[in-house]
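Note: the block below is input-v3.csv and it holds CSV, C-alpha atoms.
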```csv
chain,number,residue,atom,x,y,z
W,278,ASN,CA,200.9,162.1,113.2
W,279,LEU,CA,202.6,165.4,112.4
W,280,VAL,CA,200.6,167.4,114.9
W,281,ARG,CA,201.2,164.8,117.6
W,282,SER,CA,204.9,164.8,116.8
W,283,LEU,CA,205.1,168.5,117.0
W,284,ALA,CA,203.3,168.6,120.3
W,285,ALA,CA,205.8,166.1,121.8
W,286,MET,CA,208.8,168.1,120.9
W,287,ASP,CA,210.7,170.0,123.5
W,288,PRO,CA,210.9,172.8,122.7
W,289,ARG,CA,208.0,172.9,120.4
W,290,PRO,CA,208.3,174.9,117.1
W,291,ALA,CA,206.8,178.4,117.2
W,292,VAL,CA,205.0,178.1,113.9
W,293,LEU,CA,203.6,175.5,111.5
W,294,VAL,CA,203.1,176.6,107.9
W,295,CYS,CA,200.7,174.2,106.2
W,296,ALA,CA,200.1,173.8,102.5
W,297,SER,CA,196.4,173.8,101.7
W,298,ALA,CA,194.6,174.7,98.4
W,299,ILE,CA,192.1,177.2,97.0
W,300,GLY,CA,190.1,174.1,96.2
W,301,TYR,CA,188.7,174.9,99.7
W,302,TYR,CA,186.4,177.4,98.0
W,303,GLY,CA,184.9,175.2,95.3
W,304,ALA,CA,183.8,176.5,92.0
W,305,ARG,CA,182.3,180.0,92.6
W,306,GLY,CA,182.0,181.8,89.2
W,307,ASN,CA,182.8,185.5,89.3
W,308,GLU,CA,182.5,185.8,93.1
W,309,VAL,CA,185.5,187.5,94.7
W,310,LEU,CA,186.9,185.1,97.4
W,311,THR,CA,189.0,186.1,100.4
W,312,GLU,CA,190.2,184.3,103.4
W,313,ASP,CA,186.8,185.0,105.1
W,314,SER,CA,184.8,183.3,102.3
W,315,PRO,CA,183.0,180.1,103.3
W,316,PRO,CA,184.1,176.7,101.9
W,317,GLY,CA,182.6,175.0,98.9
W,318,GLY,CA,180.6,171.8,99.0
W,319,ASP,CA,182.4,169.5,96.5
W,320,PHE,CA,185.0,166.8,97.2
W,321,LEU,CA,188.1,169.0,97.0
W,322,ALA,CA,186.5,171.6,99.2
W,323,GLU,CA,185.7,169.0,101.8
W,324,LEU,CA,189.2,167.5,101.6
W,325,SER,CA,190.8,170.9,102.0
W,326,ARG,CA,188.5,171.8,104.9
W,327,SER,CA,189.3,168.5,106.7
W,328,TRP,CA,193.0,169.0,106.1
W,329,GLU,CA,193.0,172.5,107.6
W,330,MET,CA,191.0,171.4,110.6
W,331,GLU,CA,193.5,168.7,111.4
W,332,ALA,CA,196.5,171.1,110.9
W,333,ALA,CA,194.8,173.8,113.1
W,334,ARG,CA,194.9,171.4,116.0
W,335,ALA,CA,198.6,172.4,116.4
W,336,GLU,CA,197.2,175.7,117.9
W,337,GLU,CA,196.0,173.7,120.9
W,338,HIS,CA,199.7,173.1,121.7
W,339,GLY,CA,200.7,176.7,121.4
W,340,ILE,CA,202.0,176.4,117.9
W,341,ARG,CA,201.0,179.3,115.6
W,342,THR,CA,199.5,177.8,112.5
W,343,VAL,CA,199.3,179.3,109.0
W,344,LEU,CA,197.1,177.6,106.4
W,345,VAL,CA,198.4,178.6,102.9
W,346,ARG,CA,195.6,178.1,100.3
W,347,ILE,CA,197.7,177.6,97.2
W,348,GLY,CA,196.5,178.5,93.7
W,349,ILE,CA,198.0,177.4,90.4
W,350,VAL,CA,201.7,177.6,90.8
W,351,LEU,CA,203.8,178.8,87.8
W,352,GLY,CA,207.4,177.8,87.7
W,353,PRO,CA,210.1,176.6,85.4
W,354,ASP,CA,210.2,173.0,86.5
W,355,GLY,CA,207.1,170.9,86.4
W,356,GLY,CA,203.7,172.0,87.7
W,357,ALA,CA,200.7,173.2,85.7
W,358,LEU,CA,202.7,175.3,83.3
W,359,SER,CA,204.8,172.4,82.0
W,360,GLN,CA,201.6,170.5,81.1
W,361,MET,CA,200.4,173.5,79.0
W,362,LEU,CA,203.6,174.3,77.1
W,363,LEU,CA,203.8,171.6,74.4
W,364,PRO,CA,200.4,172.2,72.7
W,365,PHE,CA,201.0,176.0,72.9
W,366,LYS,CA,204.5,175.7,71.5
W,367,LEU,CA,203.0,173.7,68.6
W,368,GLY,CA,200.4,176.4,68.0
W,369,LEU,CA,197.6,174.1,69.3
W,370,GLY,CA,196.8,176.0,72.4
W,371,GLY,CA,193.4,177.3,73.3
W,372,TRP,CA,191.0,178.2,76.1
W,373,LEU,CA,189.1,175.5,78.0
W,374,GLY,CA,185.3,175.5,77.8
W,375,SER,CA,183.9,179.0,77.7
W,376,GLY,CA,187.2,180.4,78.9
W,377,LYS,CA,185.3,182.7,81.2
W,378,GLN,CA,186.3,180.8,84.4
W,379,TYR,CA,188.8,182.5,86.6
W,380,MET,CA,192.3,181.1,87.3
W,381,SER,CA,194.0,182.2,90.5
W,382,TRP,CA,197.8,181.8,89.9
W,383,ILE,CA,201.0,182.6,91.6
W,384,HIS,CA,204.7,182.7,90.6
W,385,ILE,CA,206.7,180.1,92.6
W,386,ASP,CA,209.0,182.8,93.9
W,387,ASP,CA,206.1,184.7,95.4
W,388,LEU,CA,204.7,181.5,96.9
W,389,VAL,CA,208.0,180.9,98.7
W,390,GLY,CA,208.2,184.5,99.6
W,391,LEU,CA,204.8,184.8,101.2
W,392,MET,CA,205.3,181.5,103.1
W,393,LEU,CA,208.6,182.9,104.6
W,394,HIS,CA,206.8,186.2,105.3
W,395,ALA,CA,204.0,184.3,107.1
W,396,ALA,CA,206.4,182.2,109.1
W,397,ALA,CA,208.4,185.2,110.3
W,398,ASP,CA,205.4,187.5,111.2
W,399,PRO,CA,203.9,186.5,114.5
W,400,GLY,CA,200.7,188.4,113.7
W,401,ILE,CA,199.7,186.0,110.9
W,402,SER,CA,197.7,182.9,111.6
W,403,GLY,CA,194.9,180.9,110.1
W,404,PRO,CA,194.1,180.9,106.3
W,405,VAL,CA,196.3,182.8,103.9
W,406,ASN,CA,195.5,182.8,100.2
W,407,GLY,CA,198.7,181.8,98.3
W,408,VAL,CA,197.7,183.5,95.0
W,409,ALA,CA,198.8,186.6,93.0
W,410,PRO,CA,196.6,189.7,93.5
W,411,ASN,CA,195.4,189.7,89.8
W,412,PRO,CA,193.5,186.5,88.9
W,413,VAL,CA,192.7,186.2,85.2
W,414,THR,CA,190.1,184.3,83.2
W,415,ASN,CA,191.1,181.2,81.3
W,416,ARG,CA,190.9,183.2,78.0
W,417,GLU,CA,193.2,185.9,79.4
W,418,PHE,CA,195.6,183.3,80.6
W,419,THR,CA,195.6,181.5,77.2
W,420,SER,CA,196.1,184.8,75.3
W,421,THR,CA,198.9,185.9,77.6
W,422,LEU,CA,200.7,182.6,77.4
W,423,ALA,CA,200.4,182.5,73.6
W,424,SER,CA,201.7,186.1,73.3
W,425,VAL,CA,204.8,185.4,75.5
W,426,LEU,CA,205.5,182.3,73.4
W,427,ARG,CA,204.7,184.1,70.2
W,428,ARG,CA,202.3,181.4,69.1
W,429,PRO,CA,198.7,181.5,68.1
W,430,ALA,CA,196.0,180.2,70.4
W,431,VAL,CA,193.0,179.4,68.3
W,432,LEU,CA,191.9,175.8,69.2
W,433,PRO,CA,189.5,175.9,72.2
W,434,VAL,CA,188.7,172.7,74.0
W,435,PRO,CA,185.0,172.2,74.4
W,436,GLY,CA,183.8,171.7,78.0
W,437,PHE,CA,181.9,168.5,77.2
W,438,LEU,CA,185.1,166.9,75.8
W,439,LEU,CA,187.1,167.8,78.9
W,440,LYS,CA,184.4,166.2,81.1
W,441,ALA,CA,184.2,163.1,78.9
W,442,LEU,CA,188.0,162.6,78.9
W,443,LEU,CA,188.9,163.7,82.4
W,444,GLY,CA,185.8,163.1,84.5
W,445,GLU,CA,185.8,165.0,87.8
W,446,PHE,CA,189.2,166.6,87.0
W,447,GLY,CA,187.7,168.0,83.8
W,448,GLN,CA,185.1,169.8,86.0
W,449,VAL,CA,187.9,171.2,88.1
W,450,LEU,CA,189.5,172.7,85.0
W,451,LEU,CA,186.2,174.3,84.1
W,452,GLY,CA,185.5,175.6,87.7
W,453,SER,CA,186.0,179.3,88.4
W,454,GLN,CA,187.9,180.6,91.5
W,455,ARG,CA,188.5,184.3,91.7
W,456,VAL,CA,190.7,184.4,94.8
W,457,LEU,CA,192.5,187.5,96.3
W,458,PRO,CA,195.5,187.4,98.8
W,459,GLU,CA,194.0,189.9,101.2
W,460,LYS,CA,195.6,188.8,104.4
W,461,ILE,CA,199.2,188.6,103.2
W,462,THR,CA,198.9,191.9,101.4
W,463,ARG,CA,197.6,193.6,104.6
W,464,ALA,CA,200.6,192.0,106.4
W,465,GLY,CA,203.0,193.9,104.2
W,466,TYR,CA,204.1,191.3,101.6
W,467,SER,CA,205.0,192.9,98.3
W,468,PHE,CA,204.6,190.6,95.3
W,469,HIS,CA,207.5,190.4,92.8
W,470,TYR,CA,205.1,189.2,90.1
W,471,PRO,CA,201.6,190.6,90.6
W,472,GLN,CA,200.8,190.5,86.8
W,473,LEU,CA,200.6,187.4,84.7
W,474,GLN,CA,202.6,188.6,81.7
W,475,ALA,CA,205.7,189.5,83.8
W,476,ALA,CA,205.5,186.2,85.6
W,477,LEU,CA,205.4,184.2,82.4
W,478,GLN,CA,208.1,186.2,80.8
W,479,ASN,CA,210.4,185.6,83.8
W,480,ILE,CA,209.7,181.9,83.7
W,481,LEU,CA,209.8,181.3,79.9
W,482,GLN,CA,212.3,183.8,78.6
```
In structure tokens, what does this structure look like?
Amino acid sequence: NLVRSLAAMDPRPAVLVCASAIGYYGARGNEVLTEDSPPGGDFLAELSRSWEMEAARAEEHGIRTVLVRIGIVLGPDGGALSQMLLPFKLGLGGWLGSGKQYMSWIHIDDLVGLMLHAAADPGISGPVNGVAPNPVTNREFTSTLASVLRRPAVLPVPGFLLKALLGEFGQVLLGSQRVLPEKITRAGYSFHYPQLQAALQNILQ
């Protein structure tokens, strides 16, 4: 419906910036993933791939299309971070499963910034990884968040318990995605918060 509506406009917009997700890549362990990496084979990967294929049809109508594959967005209002804060503030935080799985995150200001950069730069099209340039393991994320909050983080959550309680979403939390923002970095975008600690300090302090 959106692509058909854009195609019918006169004049048509010059660019469509579409929100996709790094779920496109599936769980890939320690493999470094860029915009050129192939998709995964699980449900979320298939969903993301189908979503991007539909959005990319806007190109057929002369509309430059950017597919921003968004990672874990960190911001002061809602989102993933708000779900983590209460147990950590109570001193009950801990890593998930082995804690070795990679988390590809981004400060919300940088997500907005790179989207605006992609919209303004006529040389950018196709997939763009909406993540910070320094992904961290779940243990590193846990340790950094606990440090910024000045709280201990000593209660890990076993992987089997996550799977039992959350089903497929538990598997998502245990999946590893080590994603780098190669395309937007080459295009000249400069991240305000490339490191996790500075990002969390800005949000929480």
Go ahead and find all residues with at least one atom no further than 7 Å from (189.5, 174.0, 78.7) in the file's coordinates, using all atoms listed in the file; report them as a tab-separated table (two decimals) with C-alpha atoms, in the frame of the given file.
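Result file selection-v2.tsv:
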```
chain	number	residue	atom	x	y	z
W	372	TRP	CA	191.00	178.20	76.10
W	373	LEU	CA	189.10	175.50	78.00
W	374	GLY	CA	185.30	175.50	77.80
W	376	GLY	CA	187.20	180.40	78.90
W	433	PRO	CA	189.50	175.90	72.20
W	434	VAL	CA	188.70	172.70	74.00
W	435	PRO	CA	185.00	172.20	74.40
W	436	GLY	CA	183.80	171.70	78.00
W	439	LEU	CA	187.10	167.80	78.90
W	450	LEU	CA	189.50	172.70	85.00
W	451	LEU	CA	186.20	174.30	84.10
```
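Among the candidate residues W:Ala475, W:Ala298, W:Leu310, W:Leu279, the one lying nearest to Leu324 (chain W) is W:Ala298, with distances computed using all atoms listed in the file.
Minimum atom-to-atom distances from W:Phe320, W:Pro290, W:Ser402, W:Asp386 to His338 (chain W) were compared using only C-alpha atoms, and the lowest value belongs to W:Pro290.
Closest approach to Ser359 (chain W) among W:Ile480, W:Val343, W:Ala304, W:Ala322: W:Ile480, based on only C-alpha atoms.
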Give me the residues within 6 Å of Gly370 (chain W) as a ChimeraX atom specification, counting all atoms listed in the file and dropping any in the same chain fewer than 2 places off. /W:364-365,368,430,432
Any idea what the distance is between CA of Val405 (chain W) and CA of Leu283 (chain W)? 21.3 Å
Near Met380 (chain W), within 10 Å and counting all atoms listed in the file, which residues show up once chain neighbours fewer than 5 positions away are dropped, as a list in words? Gly348, Ile349, Val408, Asn411, Pro412, Val413, Thr414, Asn415, Arg416, Glu417, Phe418, Leu450, Leu451, Gly452, Ser453, Gln454, Arg455 and Val456 of chain W
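Straight-line separation from CA of Phe468 (chain W) to CA of Asp387 (chain W): 6.1 Å.
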Val350 (chain W) environment, 7 Å, all atoms listed in the file, sequence neighbours closer than 4 positions dropped, as a ChimeraX atom specification: /W:356-357,382-385
Residues near Leu422 (chain W), anyone? I mean within 10 Å using all atoms listed in the file, not counting same-chain ones fewer than 5 positions away, as a list in words. Leu358, Met361, Leu362, Phe365, Lys366, Gly370, Gly371, Arg416, Glu417, Arg427, Arg428, Pro429, Ala430, Leu473, Gln474, Leu477, Gln478 and Leu481 of chain W
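As for CA of Arg463 (chain W) and CA of Thr311 (chain W), they are spaced 12.2 Å apart.
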Rank nothing, just name the residue among W:His469, W:Arg334, W:Leu344, W:Gly306 nearest to Lys377 (chain W), using all atoms listed in the file. W:Gly306
Go through W:Glu336, W:Asp398, W:Lys460, W:Arg346 and flag the residue nearest Arg281 (chain W), using only C-alpha atoms for the distances. W:Glu336
Rank nothing, just name the residue among W:Phe437, W:Tyr379, W:Tyr302, W:Tyr466 nearest to Pro316 (chain W), using all atoms listed in the file. W:Tyr302
Residues around (198.6, 193.9, 103.9), cut-off 12 Å, counting only C-alpha atoms - what are they as a PDB file with C-alpha atoms, in the coordinates of the input?
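After the write, selection_13.pdb holds the following:
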```pdb
ATOM      1  CA  LEU W 391     204.800 184.800 101.200  1.00  0.00           C
ATOM      2  CA  HIS W 394     206.800 186.200 105.300  1.00  0.00           C
ATOM      3  CA  ALA W 395     204.000 184.300 107.100  1.00  0.00           C
ATOM      4  CA  ASP W 398     205.400 187.500 111.200  1.00  0.00           C
ATOM      5  CA  GLY W 400     200.700 188.400 113.700  1.00  0.00           C
ATOM      6  CA  ILE W 401     199.700 186.000 110.900  1.00  0.00           C
ATOM      7  CA  VAL W 405     196.300 182.800 103.900  1.00  0.00           C
ATOM      8  CA  PRO W 410     196.600 189.700  93.500  1.00  0.00           C
ATOM      9  CA  LEU W 457     192.500 187.500  96.300  1.00  0.00           C
ATOM     10  CA  PRO W 458     195.500 187.400  98.800  1.00  0.00           C
ATOM     11  CA  GLU W 459     194.000 189.900 101.200  1.00  0.00           C
ATOM     12  CA  LYS W 460     195.600 188.800 104.400  1.00  0.00           C
ATOM     13  CA  ILE W 461     199.200 188.600 103.200  1.00  0.00           C
ATOM     14  CA  THR W 462     198.900 191.900 101.400  1.00  0.00           C
ATOM     15  CA  ARG W 463     197.600 193.600 104.600  1.00  0.00           C
ATOM     16  CA  ALA W 464     200.600 192.000 106.400  1.00  0.00           C
ATOM     17  CA  GLY W 465     203.000 193.900 104.200  1.00  0.00           C
ATOM     18  CA  TYR W 466     204.100 191.300 101.600  1.00  0.00           C
ATOM     19  CA  SER W 467     205.000 192.900  98.300  1.00  0.00           C
ATOM     20  CA  PHE W 468     204.600 190.600  95.300  1.00  0.00           C
TER      21      PHE W 468
END
```
Just save region 309-321 of chain W with all heavy atoms, as a PDB file, in the first residue's frame.
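Saved to out09.pdb:
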```pdb
ATOM      1  N   VAL W 309      31.579 -11.615  11.665  1.00  0.00           N
ATOM      2  CA  VAL W 309      31.398 -10.180  11.447  1.00  0.00           C
ATOM      3  C   VAL W 309      30.446  -9.983  10.270  1.00  0.00           C
ATOM      4  O   VAL W 309      30.675 -10.508   9.180  1.00  0.00           O
ATOM      5  CB  VAL W 309      32.748  -9.490  11.187  1.00  0.00           C
ATOM      6  CG1 VAL W 309      32.535  -8.019  10.842  1.00  0.00           C
ATOM      7  CG2 VAL W 309      33.662  -9.628  12.401  1.00  0.00           C
ATOM      8  N   LEU W 310      29.390  -9.219  10.496  1.00  0.00           N
ATOM      9  CA  LEU W 310      28.336  -9.049   9.500  1.00  0.00           C
ATOM     10  C   LEU W 310      28.321  -7.619   8.980  1.00  0.00           C
ATOM     11  O   LEU W 310      28.327  -6.661   9.756  1.00  0.00           O
ATOM     12  CB  LEU W 310      26.973  -9.387  10.115  1.00  0.00           C
ATOM     13  CG  LEU W 310      26.846 -10.800  10.699  1.00  0.00           C
ATOM     14  CD1 LEU W 310      25.584 -10.928  11.535  1.00  0.00           C
ATOM     15  CD2 LEU W 310      26.873 -11.851   9.593  1.00  0.00           C
ATOM     16  N   THR W 311      28.324  -7.494   7.647  1.00  0.00           N
ATOM     17  CA  THR W 311      28.198  -6.188   7.005  1.00  0.00           C
ATOM     18  C   THR W 311      26.965  -6.213   6.107  1.00  0.00           C
ATOM     19  O   THR W 311      26.265  -7.231   6.016  1.00  0.00           O
ATOM     20  CB  THR W 311      29.436  -5.864   6.159  1.00  0.00           C
ATOM     21  OG1 THR W 311      29.454  -6.715   4.998  1.00  0.00           O
ATOM     22  CG2 THR W 311      30.725  -6.066   6.960  1.00  0.00           C
ATOM     23  N   GLU W 312      26.729  -5.101   5.441  1.00  0.00           N
ATOM     24  CA  GLU W 312      25.561  -5.021   4.552  1.00  0.00           C
ATOM     25  C   GLU W 312      25.619  -6.048   3.430  1.00  0.00           C
ATOM     26  O   GLU W 312      24.590  -6.363   2.814  1.00  0.00           O
ATOM     27  CB  GLU W 312      25.460  -3.613   3.964  1.00  0.00           C
ATOM     28  CG  GLU W 312      25.017  -2.543   4.945  1.00  0.00           C
ATOM     29  CD  GLU W 312      26.152  -1.925   5.741  1.00  0.00           C
ATOM     30  OE1 GLU W 312      27.312  -2.396   5.619  1.00  0.00           O
ATOM     31  OE2 GLU W 312      25.890  -0.966   6.492  1.00  0.00           O
ATOM     32  N   ASP W 313      26.806  -6.580   3.138  1.00  0.00           N
ATOM     33  CA  ASP W 313      26.949  -7.569   2.064  1.00  0.00           C
ATOM     34  C   ASP W 313      26.731  -9.005   2.542  1.00  0.00           C
ATOM     35  O   ASP W 313      26.732  -9.928   1.719  1.00  0.00           O
ATOM     36  CB  ASP W 313      28.338  -7.466   1.436  1.00  0.00           C
ATOM     37  CG  ASP W 313      28.546  -6.136   0.721  1.00  0.00           C
ATOM     38  OD1 ASP W 313      27.578  -5.618   0.136  1.00  0.00           O
ATOM     39  OD2 ASP W 313      29.681  -5.616   0.752  1.00  0.00           O
ATOM     40  N   SER W 314      26.562  -9.205   3.841  1.00  0.00           N
ATOM     41  CA  SER W 314      26.386 -10.560   4.373  1.00  0.00           C
ATOM     42  C   SER W 314      25.015 -11.113   3.980  1.00  0.00           C
ATOM     43  O   SER W 314      24.035 -10.366   3.905  1.00  0.00           O
ATOM     44  CB  SER W 314      26.520 -10.561   5.893  1.00  0.00           C
ATOM     45  OG  SER W 314      27.804 -10.109   6.284  1.00  0.00           O
ATOM     46  N   PRO W 315      24.916 -12.423   3.721  1.00  0.00           N
ATOM     47  CA  PRO W 315      23.645 -13.022   3.313  1.00  0.00           C
ATOM     48  C   PRO W 315      22.668 -13.091   4.488  1.00  0.00           C
ATOM     49  O   PRO W 315      23.074 -13.005   5.654  1.00  0.00           O
ATOM     50  CB  PRO W 315      24.051 -14.425   2.849  1.00  0.00           C
ATOM     51  CG  PRO W 315      25.304 -14.722   3.618  1.00  0.00           C
ATOM     52  CD  PRO W 315      26.014 -13.410   3.751  1.00  0.00           C
ATOM     53  N   PRO W 316      21.383 -13.260   4.195  1.00  0.00           N
ATOM     54  CA  PRO W 316      20.388 -13.349   5.266  1.00  0.00           C
ATOM     55  C   PRO W 316      20.473 -14.673   6.008  1.00  0.00           C
ATOM     56  O   PRO W 316      21.035 -15.651   5.509  1.00  0.00           O
ATOM     57  CB  PRO W 316      19.053 -13.225   4.532  1.00  0.00           C
ATOM     58  CG  PRO W 316      19.340 -13.749   3.158  1.00  0.00           C
ATOM     59  CD  PRO W 316      20.759 -13.340   2.858  1.00  0.00           C
ATOM     60  N   GLY W 317      19.896 -14.683   7.219  1.00  0.00           N
ATOM     61  CA  GLY W 317      19.761 -15.929   7.957  1.00  0.00           C
ATOM     62  C   GLY W 317      18.587 -16.736   7.446  1.00  0.00           C
ATOM     63  O   GLY W 317      17.947 -16.379   6.451  1.00  0.00           O
ATOM     64  N   GLY W 318      18.266 -17.815   8.153  1.00  0.00           N
ATOM     65  CA  GLY W 318      17.194 -18.699   7.686  1.00  0.00           C
ATOM     66  C   GLY W 318      16.057 -18.867   8.664  1.00  0.00           C
ATOM     67  O   GLY W 318      15.144 -19.661   8.419  1.00  0.00           O
ATOM     68  N   ASP W 319      16.050 -18.094   9.773  1.00  0.00           N
ATOM     69  CA  ASP W 319      14.979 -18.257  10.752  1.00  0.00           C
ATOM     70  C   ASP W 319      13.803 -17.338  10.414  1.00  0.00           C
ATOM     71  O   ASP W 319      13.814 -16.621   9.411  1.00  0.00           O
ATOM     72  CB  ASP W 319      15.503 -18.004  12.170  1.00  0.00           C
ATOM     73  CG  ASP W 319      16.083 -16.598  12.344  1.00  0.00           C
ATOM     74  OD1 ASP W 319      15.806 -15.722  11.499  1.00  0.00           O
ATOM     75  OD2 ASP W 319      16.805 -16.373  13.331  1.00  0.00           O
ATOM     76  N   PHE W 320      12.784 -17.351  11.271  1.00  0.00           N
ATOM     77  CA  PHE W 320      11.556 -16.604  10.986  1.00  0.00           C
ATOM     78  C   PHE W 320      11.809 -15.107  10.864  1.00  0.00           C
ATOM     79  O   PHE W 320      11.339 -14.452   9.936  1.00  0.00           O
ATOM     80  CB  PHE W 320      10.515 -16.869  12.078  1.00  0.00           C
ATOM     81  CG  PHE W 320       9.307 -15.980  11.968  1.00  0.00           C
ATOM     82  CD1 PHE W 320       8.346 -16.209  10.994  1.00  0.00           C
ATOM     83  CD2 PHE W 320       9.142 -14.897  12.828  1.00  0.00           C
ATOM     84  CE1 PHE W 320       7.236 -15.376  10.877  1.00  0.00           C
ATOM     85  CE2 PHE W 320       8.043 -14.064  12.722  1.00  0.00           C
ATOM     86  CZ  PHE W 320       7.078 -14.308  11.747  1.00  0.00           C
ATOM     87  N   LEU W 321      12.553 -14.540  11.821  1.00  0.00           N
ATOM     88  CA  LEU W 321      12.796 -13.099  11.785  1.00  0.00           C
ATOM     89  C   LEU W 321      13.615 -12.688  10.562  1.00  0.00           C
ATOM     90  O   LEU W 321      13.394 -11.622   9.996  1.00  0.00           O
ATOM     91  CB  LEU W 321      13.501 -12.654  13.064  1.00  0.00           C
ATOM     92  CG  LEU W 321      12.641 -12.650  14.331  1.00  0.00           C
ATOM     93  CD1 LEU W 321      13.468 -12.237  15.537  1.00  0.00           C
ATOM     94  CD2 LEU W 321      11.443 -11.729  14.176  1.00  0.00           C
TER      95      LEU W 321
END
```
